[in-house]
file run29.cif (mmCIF, C-alpha atoms)
data_run
#
loop_
_atom_site.label_atom_id
_atom_site.label_comp_id
_atom_site.auth_asym_id
_atom_site.auth_seq_id
_atom_site.Cartn_x
_atom_site.Cartn_y
_atom_site.Cartn_z
CA MET A 722 0.13 10.61 29.15
CA ARG A 723 2.37 11.72 26.31
CA ILE A 724 0.31 12.34 23.18
CA PHE A 725 2.05 12.38 19.79
CA CYS A 726 0.28 13.61 16.67
CA ILE A 727 1.50 12.18 13.36
CA ILE A 728 0.79 14.29 10.29
CA PRO A 729 1.75 12.77 6.93
CA ALA A 730 2.21 15.54 4.39
CA LEU A 731 2.76 15.75 0.67
CA ASN A 732 3.10 19.15 -0.99
CA GLU A 733 1.13 20.92 1.75
CA GLU A 734 3.27 24.03 2.26
CA LYS A 735 0.16 26.23 2.24
CA ASN A 736 -1.68 24.35 5.02
CA ILE A 737 0.96 22.62 7.13
CA GLY A 738 2.01 25.70 9.12
CA SER A 739 -1.46 26.49 10.43
CA VAL A 740 -2.21 22.79 11.06
CA VAL A 741 0.99 22.41 13.14
CA ASP A 742 0.24 25.64 15.03
CA GLY A 743 -3.20 24.35 15.96
CA VAL A 744 -2.23 20.79 16.81
CA LYS A 745 0.78 21.64 18.99
CA LYS A 746 -1.52 23.38 21.48
CA VAL A 747 -3.31 20.13 22.32
CA VAL A 748 -0.63 17.42 22.07
CA ASP A 749 2.87 16.92 23.48
CA GLU A 750 4.68 16.37 20.19
CA VAL A 751 3.75 17.09 16.58
CA VAL A 752 5.53 14.85 14.08
CA VAL A 753 5.26 15.77 10.41
CA VAL A 754 6.30 13.05 7.99
CA ASP A 755 7.15 14.79 4.74
CA ASP A 756 6.49 12.12 2.14
CA GLY A 757 8.77 13.33 -0.62
CA SER A 758 7.20 16.76 -1.12
CA LEU A 759 8.44 18.85 -4.03
CA ASP A 760 7.60 22.11 -2.26
CA SER A 761 8.81 23.49 1.09
CA THR A 762 6.39 21.48 3.27
CA GLY A 763 9.25 20.16 5.41
CA SER A 764 10.89 23.49 6.15
CA VAL A 765 7.54 25.16 6.89
CA ALA A 766 6.62 22.35 9.31
CA ARG A 767 10.01 22.66 11.01
CA ALA A 768 9.70 26.45 11.26
CA HIS A 769 6.36 26.03 13.03
CA GLY A 770 7.88 23.74 15.64
CA ALA A 771 7.10 20.24 14.38
CA ILE A 772 9.52 17.34 14.49
CA LEU A 773 10.31 16.57 10.88
CA LEU A 774 10.83 13.12 9.40
CA SER A 775 11.56 13.25 5.66
CA HIS A 776 10.97 10.47 3.18
CA LEU A 777 13.52 11.03 0.43
CA ILE A 778 11.00 9.80 -2.14
CA ASN A 779 7.23 9.46 -2.00
CA ARG A 780 6.17 6.16 -0.42
CA GLY A 781 2.48 6.79 0.23
CA GLN A 782 0.39 7.90 3.19
CA GLY A 783 0.32 4.48 4.84
CA ALA A 784 4.13 4.27 4.76
CA ALA A 785 4.41 7.81 6.16
CA LEU A 786 2.05 6.98 9.04
CA GLN A 787 4.04 3.87 9.92
CA THR A 788 7.25 5.95 9.93
CA GLY A 789 5.54 8.35 12.34
CA ASN A 790 4.25 5.51 14.51
CA GLU A 791 7.73 4.02 14.80
CA TYR A 792 9.19 7.37 15.78
CA ALA A 793 6.49 7.93 18.38
CA LEU A 794 6.92 4.44 19.85
CA GLN A 795 10.70 4.90 20.04
CA ASN A 796 10.24 8.22 21.83
CA GLY A 797 7.84 7.30 24.56
CA ALA A 798 4.40 8.05 23.16
CA ASP A 799 1.46 6.77 25.22
CA ILE A 800 -1.14 7.82 22.66
CA ILE A 801 -0.64 8.35 18.93
CA VAL A 802 -3.07 10.46 16.90
CA HIS A 803 -3.21 10.42 13.09
CA PHE A 804 -4.22 13.75 11.59
CA ASP A 805 -4.34 15.07 8.03
CA ALA A 806 -2.12 17.90 6.79
CA ASP A 807 -4.73 19.63 4.65
CA GLY A 808 -6.57 21.31 7.50
CA GLN A 809 -9.83 19.43 6.95
CA PHE A 810 -10.00 17.97 10.47
CA SER A 811 -10.82 19.94 13.57
CA VAL A 812 -8.00 20.41 16.08
CA GLU A 813 -10.55 20.77 18.90
CA GLU A 814 -11.67 17.19 18.32
CA ILE A 815 -8.25 15.71 19.16
CA LYS A 816 -9.23 15.77 22.85
CA ASP A 817 -12.46 13.93 21.95
CA ILE A 818 -10.62 11.22 20.05
CA VAL A 819 -8.07 10.52 22.82
CA ARG A 820 -10.63 10.64 25.66
CA PRO A 821 -11.95 7.07 25.24
CA ILE A 822 -8.34 5.79 25.46
CA ILE A 823 -7.55 7.80 28.60
CA ASN A 824 -10.87 7.35 30.43
CA ASP A 825 -12.54 4.22 29.12
CA GLY A 826 -9.73 1.79 28.33
CA TYR A 827 -10.18 1.73 24.56
CA ASP A 828 -7.09 1.01 22.46
CA VAL A 829 -8.19 2.44 19.13
CA VAL A 830 -10.59 5.30 18.45
CA LEU A 831 -11.69 5.96 14.89
CA GLY A 832 -13.15 9.23 13.70
CA SER A 833 -16.31 8.87 11.66
CA ARG A 834 -17.82 11.42 9.31
CA PHE A 835 -21.16 9.62 9.42
CA LEU A 836 -22.17 9.69 13.06
CA GLY A 837 -24.12 12.88 13.18
CA LYS A 838 -21.70 15.78 12.89
CA ALA A 839 -22.16 17.92 9.82
CA THR A 840 -19.71 17.59 6.94
CA ASN A 841 -19.79 19.01 3.45
CA MET A 842 -18.60 15.77 1.87
CA PRO A 843 -18.85 15.77 -1.93
CA PHE A 844 -21.84 13.91 -3.35
CA PHE A 845 -19.87 11.17 -5.18
CA LYS A 846 -17.71 10.46 -2.20
CA ARG A 847 -20.63 10.23 0.21
CA TYR A 848 -22.97 8.15 -1.95
CA PHE A 849 -20.62 6.12 -4.12
CA ILE A 850 -17.00 5.77 -2.97
CA ILE A 851 -17.64 5.40 0.77
CA PRO A 852 -20.48 2.84 0.39
CA LEU A 853 -18.27 0.87 -2.02
CA ALA A 854 -15.41 0.97 0.49
CA ARG A 855 -17.80 -0.19 3.24
CA LEU A 856 -18.91 -3.10 1.10
CA THR A 857 -15.31 -4.06 0.22
CA ASN A 858 -14.31 -4.01 3.88
CA TYR A 859 -17.31 -6.07 4.85
CA LEU A 860 -16.74 -8.69 2.13
CA LEU A 861 -12.96 -8.98 2.58
CA PHE A 862 -12.50 -8.44 6.30
CA ASN A 863 -15.99 -8.82 7.78
CA VAL A 864 -15.58 -5.29 9.15
CA SER A 865 -18.70 -3.17 9.35
CA LEU A 866 -18.02 0.45 10.31
CA SER A 867 -19.71 3.69 9.42
CA ASP A 868 -16.55 5.29 8.01
CA PRO A 869 -13.96 2.92 6.54
CA GLN A 870 -11.70 5.62 5.09
CA SER A 871 -11.31 8.20 7.83
CA GLY A 872 -7.75 9.40 8.43
CA PHE A 873 -8.45 10.80 11.91
CA ARG A 874 -7.79 8.14 14.54
CA ALA A 875 -5.98 7.51 17.81
CA PHE A 876 -4.10 4.51 19.15
CA SER A 877 -2.89 3.49 22.56
CA ARG A 878 0.80 2.62 22.67
CA GLN A 879 -0.01 -1.11 22.78
CA ALA A 880 -2.30 -0.90 19.76
CA ALA A 881 0.22 1.11 17.71
CA ALA A 882 2.89 -1.46 18.48
CA GLN A 883 0.53 -4.29 17.51
CA ILE A 884 -0.74 -2.74 14.26
CA LYS A 885 2.08 -2.48 11.76
CA ILE A 886 0.88 -0.63 8.67
CA GLU A 887 2.14 -2.49 5.62
CA GLN A 888 -0.08 -0.97 2.93
CA PRO A 889 1.94 2.01 1.69
CA GLY A 890 -0.92 3.76 -0.12
CA TRP A 891 -4.48 4.72 0.71
CA ALA A 892 -5.52 1.13 1.40
CA HIS A 893 -3.90 1.45 4.85
CA CYS A 894 -7.30 2.56 6.24
CA SER A 895 -8.85 -0.81 5.45
CA GLU A 896 -5.71 -2.58 6.63
CA ILE A 897 -5.86 -0.85 10.01
CA LEU A 898 -9.53 -1.78 10.43
CA SER A 899 -8.90 -5.40 9.55
CA LYS A 900 -5.98 -5.59 11.99
CA VAL A 901 -8.04 -3.97 14.74
CA VAL A 902 -10.76 -6.57 14.26
CA SER A 903 -8.50 -9.60 13.76
CA GLY A 904 -6.33 -8.55 16.71
CA LYS A 905 -9.46 -8.28 18.92
CA ILE A 906 -8.42 -4.75 19.86
CA LYS A 907 -10.98 -2.76 21.84
CA PHE A 908 -12.12 0.11 19.63
CA LYS A 909 -14.89 2.60 19.11
CA GLU A 910 -16.01 5.13 16.53
CA ILE A 911 -16.71 8.72 17.47
CA PRO A 912 -18.27 11.47 15.37
CA ILE A 913 -15.90 13.99 13.80
CA THR A 914 -16.30 17.09 11.68
CA VAL A 915 -14.59 17.37 8.32
CA THR A 916 -14.51 20.52 6.26
CA TYR A 917 -13.77 19.84 2.62
CA SER A 918 -11.92 22.57 0.82
CA LYS A 919 -11.61 20.39 -2.28
CA PHE A 920 -12.74 16.89 -3.29
CA GLY A 921 -9.91 15.28 -1.32
CA ARG A 922 -8.79 12.17 -3.15
CA SER A 923 -9.63 12.01 -6.82
CA PHE A 924 -12.54 9.93 -8.09
CA SER A 925 -10.18 7.38 -9.69
CA SER A 926 -8.18 7.04 -6.47
CA GLY A 927 -11.33 5.60 -4.88
CA PHE A 928 -10.96 2.62 -7.22
CA GLU A 929 -7.19 2.55 -6.53
CA ILE A 930 -7.95 2.09 -2.82
CA ILE A 931 -10.31 -0.80 -3.51
CA LYS A 932 -7.82 -2.41 -5.91
CA ASP A 933 -4.95 -2.07 -3.38
CA THR A 934 -7.16 -3.44 -0.62
CA ILE A 935 -8.08 -6.51 -2.65
CA ILE A 936 -4.49 -7.15 -3.83
CA GLY A 937 -3.19 -6.53 -0.30
CA LYS A 938 -5.66 -9.04 1.09
CA PHE A 939 -4.21 -11.80 -1.06
CA ILE A 940 -0.53 -10.80 -1.07
CA ASN A 941 -0.05 -10.05 2.63
CA MET B 1002 7.07 -28.26 -42.51
CA ILE B 1003 7.61 -24.61 -43.45
CA GLN B 1004 5.97 -23.53 -40.18
CA GLN B 1005 8.35 -25.78 -38.26
CA LEU B 1006 11.30 -24.35 -40.17
CA ILE B 1007 10.22 -20.76 -39.37
CA ALA B 1008 9.76 -21.66 -35.69
CA LEU B 1009 13.21 -23.26 -35.58
CA ILE B 1010 14.81 -20.19 -37.20
CA ILE B 1011 13.16 -17.97 -34.58
CA ILE B 1012 14.41 -20.27 -31.81
CA LEU B 1013 17.92 -20.21 -33.31
CA PHE B 1014 17.76 -16.40 -33.34
CA PHE B 1015 16.86 -16.33 -29.62
CA LEU B 1016 19.54 -18.92 -28.83
CA GLY B 1017 22.07 -16.74 -30.65
CA ARG B 1018 20.94 -13.70 -28.59
CA LEU B 1019 21.20 -15.79 -25.43
CA PHE B 1020 24.81 -16.81 -26.10
CA TRP B 1021 25.64 -13.22 -27.05
CA GLN B 1022 24.15 -11.92 -23.76
CA LYS B 1023 26.09 -14.57 -21.81
CA LYS B 1024 29.30 -13.58 -23.63
CA LYS B 1025 28.64 -9.95 -22.62
CA ASP B 1026 28.06 -11.14 -19.05
CA SER B 1027 24.67 -9.42 -18.96
CA ILE B 1028 22.88 -12.51 -17.59
CA SER B 1029 23.81 -14.85 -14.78
CA LEU B 1030 24.75 -18.51 -15.31
CA THR B 1031 21.46 -19.66 -13.71
CA GLU B 1032 19.44 -17.45 -16.04
CA PHE B 1033 21.49 -18.66 -19.01
CA ILE B 1034 20.87 -22.31 -18.14
CA PHE B 1035 17.14 -21.68 -17.61
CA TRP B 1036 16.67 -19.98 -21.00
CA LEU B 1037 18.97 -22.45 -22.78
CA PHE B 1038 16.83 -25.28 -21.44
CA PHE B 1039 13.65 -23.39 -22.37
CA TRP B 1040 14.65 -22.77 -25.99
CA LEU B 1041 16.10 -26.26 -26.48
CA ALA B 1042 12.89 -27.75 -25.08
CA SER B 1043 10.90 -25.53 -27.47
CA ALA B 1044 13.04 -26.71 -30.42
CA PHE B 1045 12.54 -30.31 -29.30
CA ALA B 1046 8.76 -29.76 -29.12
CA ILE B 1047 8.77 -28.29 -32.65
CA LEU B 1048 10.85 -31.15 -34.08
CA TYR B 1049 8.74 -33.84 -32.47
CA ILE B 1050 5.36 -32.15 -32.77
CA LYS B 1051 3.73 -35.31 -34.23
CA THR B 1052 4.89 -37.34 -31.23
CA ILE B 1053 3.49 -34.66 -28.93
CA ASP B 1054 0.21 -34.76 -30.90
CA SER B 1055 -0.18 -38.48 -30.31
CA LEU B 1056 0.96 -38.15 -26.68
CA VAL B 1057 -1.66 -35.43 -26.12
CA ALA B 1058 -4.32 -37.58 -27.80
CA ASP B 1059 -3.33 -40.58 -25.63
CA LEU B 1060 -3.79 -38.36 -22.55
CA GLY B 1061 -7.36 -37.70 -23.68
CA PHE B 1062 -7.08 -34.07 -24.89
CA SER B 1063 -9.07 -33.20 -27.99
CA SER B 1064 -6.74 -30.34 -29.06
CA SER B 1065 -3.59 -30.74 -31.09
CA GLY B 1066 -0.16 -30.77 -29.49
CA ILE B 1067 0.66 -27.20 -30.48
CA ASN B 1068 -2.55 -25.94 -28.84
CA ILE B 1069 -1.69 -27.74 -25.62
CA LEU B 1070 1.78 -26.16 -25.73
CA PHE B 1071 0.13 -22.74 -26.07
CA TYR B 1072 -2.17 -23.45 -23.14
CA LEU B 1073 0.78 -24.56 -21.04
CA GLY B 1074 2.75 -21.49 -22.14
CA THR B 1075 -0.11 -19.21 -21.06
CA ILE B 1076 -0.38 -20.91 -17.66
CA ILE B 1077 3.39 -20.60 -17.15
CA LEU B 1078 3.26 -16.91 -18.15
CA PHE B 1079 0.53 -16.22 -15.60
CA TYR B 1080 2.58 -17.97 -12.94
CA LEU B 1081 5.67 -15.92 -13.87
CA ILE B 1082 3.63 -12.69 -13.71
CA LEU B 1083 2.45 -13.63 -10.21
CA ARG B 1084 6.03 -14.32 -9.14
CA LEU B 1085 7.13 -11.01 -10.65
CA ARG B 1086 4.30 -9.21 -8.81
CA LEU B 1087 5.39 -10.77 -5.51
CA ARG B 1088 9.04 -9.91 -6.14
CA LEU B 1089 8.08 -6.33 -7.02
CA GLU B 1090 5.99 -6.07 -3.86
CA LYS B 1091 8.92 -7.31 -1.77
CA ASN B 1092 11.27 -4.78 -3.40
CA GLU B 1093 8.75 -1.99 -2.75
CA ARG B 1094 8.57 -2.94 0.92
CA ASN B 1095 12.34 -3.11 1.22
CA LEU B 1096 12.60 0.33 -0.41
CA THR B 1097 10.04 1.74 2.04
CA LYS B 1098 12.00 0.26 4.94
CA ILE B 1099 15.22 1.90 3.75
CA ILE B 1100 13.48 5.26 3.23
CA ARG B 1101 11.89 4.96 6.70
CA ASP B 1102 15.18 4.13 8.43
CA ILE B 1103 16.86 7.11 6.72
CA ALA B 1104 13.97 9.38 7.82
CA LEU B 1105 14.20 8.15 11.42
CA MET B 1106 17.99 8.56 11.50
CA ASN B 1107 17.85 12.08 10.08
CA LYS B 1108 15.12 13.45 12.31
CA LYS B 1109 15.09 17.26 12.38
#

call {"tool": "encode", "arguments": {"input": "run29.cif", "output": "structure tokens"}}
result
Amino acid sequence: MRIFCIIPALNEEKNIGSVVDGVKKVVDEVVVVDDGSLDSTGSVARAHGAILLSHLINRGQGAALQTGNEYALQNGADIIVHFDADGQFSVEEIKDIVRPIINDGYDVVLGSRFLGKATNMPFFKRYFIIPLARLTNYLLFNVSLSDPQSGFRAFSRQAAAQIKIEQPGWAHCSEILSKVVSGKIKFKEIPITVTYSKFGRSFSSGFEIIKDTIIGKFIN
Amino acid sequence: MIQQLIALIIILFFLGRLFWQKKKDSISLTEFIFWLFFWLASAFAILYIKTIDSLVADLGFSSSGINILFYLGTIILFYLILRLRLRLEKNERNLTKIIRDIALMNKK
């Protein structure tokens, strides 16, 4: 089983090196998609042994993940893991997130910050943005999951080929969920740990996600 | 009467700009024809506003002809904004595809 880890990165020169160092110990290939960074994210990632795909201009995290997925599919990945570049996810949990695909025949495994493991999620995010995102997903896509905006997930090769991410921005999380459900893909949520070093996305970007999700629902 | 005259002068100004833009080759023939038709139709509506009033009344609307023209104009504007939004979305996707292909070709 060849496991590829896709890490979209934007201006993460401070974190990307240590993230790549950690991830490369547990997967076969680490692919960093530099999404138009203005700092030296790309060269740091390369120096730490990652395969580097560079977007000449910023296209959004969803677009970067799809670029990584296409690379992984073209290069023989059996399992594709999405992982954040800011060091908030735990490298040790990559084996937990791929296990249901290897052992139990699942095609998509989604990390959830709300299934028991401790996180220091900011108050507003936990009690306002995430519940609002849950409600939006339920109303628009009839998807009811504990964590609709988690960026830590794994796909089997078949699932990655089936789910083409078209939402370039943050709304890709909801898009992936809706495609998993509408495509009748076998999936499960597993608990993950997230350590917040900062708020993550800004408060206003929470509304951006919901706006993009709603517009995407009607335009796609 | 004065209002009609002012409206016609404004339309003449835009028609003049349209011909000037066409002379400079800054708009395509299709665009030129579309806007020429649009402004001529507007001038026609201004000149025959009384006829439009009675036509609108015959159709059962309680507003005057000029109000109906405004309503129609607003509906058309919303439709054009939607089309613009869709076109913009398509361009964004095409741009992403180009950027992605370049990234995949220049893998390091």

call {"tool": "interface_residues", "arguments": {"input": "run29.cif", "of": "chain B", "to": "chain A", "cutoff": "10 Å", "atoms": "all atoms listed in the file", "output": "JSON, numbers by chain"}}
result
{"B": [1086, 1087, 1090, 1093, 1094, 1096, 1097, 1098, 1099, 1100, 1101, 1102, 1103, 1104, 1105, 1106, 1107, 1108, 1109]}

call {"tool": "write_last_selection", "arguments": {"input": "run29.cif", "atoms": "C-alpha atoms", "output": "mmCIF file, in the frame of the given file"}}
result
data_model
loop_
_atom_site.group_PDB
_atom_site.id
_atom_site.type_symbol
_atom_site.label_atom_id
_atom_site.label_comp_id
_atom_site.auth_asym_id
_atom_site.auth_seq_id
_atom_site.Cartn_x
_atom_site.Cartn_y
_atom_site.Cartn_z
ATOM 1 C CA ARG B 1086 4.300 -9.210 -8.810
ATOM 2 C CA LEU B 1087 5.390 -10.770 -5.510
ATOM 3 C CA GLU B 1090 5.990 -6.070 -3.860
ATOM 4 C CA GLU B 1093 8.750 -1.990 -2.750
ATOM 5 C CA ARG B 1094 8.570 -2.940 0.920
ATOM 6 C CA LEU B 1096 12.600 0.330 -0.410
ATOM 7 C CA THR B 1097 10.040 1.740 2.040
ATOM 8 C CA LYS B 1098 12.000 0.260 4.940
ATOM 9 C CA ILE B 1099 15.220 1.900 3.750
ATOM 10 C CA ILE B 1100 13.480 5.260 3.230
ATOM 11 C CA ARG B 1101 11.890 4.960 6.700
ATOM 12 C CA ASP B 1102 15.180 4.130 8.430
ATOM 13 C CA ILE B 1103 16.860 7.110 6.720
ATOM 14 C CA ALA B 1104 13.970 9.380 7.820
ATOM 15 C CA LEU B 1105 14.200 8.150 11.420
ATOM 16 C CA MET B 1106 17.990 8.560 11.500
ATOM 17 C CA ASN B 1107 17.850 12.080 10.080
ATOM 18 C CA LYS B 1108 15.120 13.450 12.310
ATOM 19 C CA LYS B 1109 15.090 17.260 12.380
#

call {"tool": "resolve_selection", "arguments": {"input": "run29.cif", "expression": "the PyMOL selection byres ((chain A and resi 804) around 12)", "output": "ChimeraX atom specification"}}
result
/A:725-730,737,740-741,743-745,748,751-754,782,785-786,789,801-803,805-815,818,831-832,871-876,913,915

call {"tool": "atom_distance", "arguments": {"input": "run29.cif", "atom1": "CA of Leu1048 (chain B)", "atom2": "CA of Leu1009 (chain B)"}}
result
8.4 Å

call {"tool": "residues_around", "arguments": {"input": "run29.cif", "residues": "Ile724 (chain A)", "least_positions_apart": "6", "cutoff": "7 Å", "atoms": "only C-alpha atoms", "output": "list in words"}}
result
Val748, Asp749, Glu750, Ala798, Asp799, Ile800 and Ile801 of chain A

call {"tool": "atom_distance", "arguments": {"input": "run29.cif", "atom1": "CA of Ile886 (chain A)", "atom2": "CA of Leu898 (chain A)"}}
result
10.6 Å

call {"tool": "residues_around", "arguments": {"input": "run29.cif", "residues": "Asn1068 (chain B)", "least_positions_apart": "2", "cutoff": "12 Å", "atoms": "all atoms listed in the file", "output": "PyMOL selection string"}}
result
chain B and resi 1046+1050+1053-1054+1057-1058+1062-1066+1070-1075

call {"tool": "residues_near_point", "arguments": {"input": "run29.cif", "point": "(9.2, -30.8, -36.9)", "cutoff": "10 Å", "atoms": "all atoms listed in the file", "output": "PyMOL selection string"}}
result
chain B and resi 1002-1006+1008-1009+1044-1052

call {"tool": "atom_distance", "arguments": {"input": "run29.cif", "atom1": "CA of Gly783 (chain A)", "atom2": "CA of Asn824 (chain A)"}}
result
28.1 Å

call {"tool": "residues_around", "arguments": {"input": "run29.cif", "residues": "Leu1037 (chain B)", "least_positions_apart": "4", "cutoff": "9 Å", "atoms": "all atoms listed in the file", "output": "ChimeraX atom specification"}}
result
/B:1016,1019-1020,1032-1033,1041-1042

call {"tool": "write_last_selection", "arguments": {"input": "run29.cif", "atoms": "C-alpha atoms", "output": "PDB file, keeping the file's coordinate frame"}}
result
ATOM      1  CA  LEU B1016      19.540 -18.920 -28.830  1.00  0.00           C
ATOM      2  CA  LEU B1019      21.200 -15.790 -25.430  1.00  0.00           C
ATOM      3  CA  PHE B1020      24.810 -16.810 -26.100  1.00  0.00           C
ATOM      4  CA  GLU B1032      19.440 -17.450 -16.040  1.00  0.00           C
ATOM      5  CA  PHE B1033      21.490 -18.660 -19.010  1.00  0.00           C
ATOM      6  CA  LEU B1041      16.100 -26.260 -26.480  1.00  0.00           C
ATOM      7  CA  ALA B1042      12.890 -27.750 -25.080  1.00  0.00           C
TER       8      ALA B1042
END

call {"tool": "closest_residue", "arguments": {"input": "run29.cif", "among": "B:Leu1056, B:Ile1082, B:Phe1014, B:Lys1024", "to": "Trp1040 (chain B)", "atoms": "only C-alpha atoms"}}
result
B:Phe1014

call {"tool": "closest_residue", "arguments": {"input": "run29.cif", "among": "B:Ser1055, B:Trp1036, B:Leu1081, B:Leu1030", "to": "Arg1018 (chain B)", "atoms": "all atoms listed in the file"}}
result
B:Trp1036
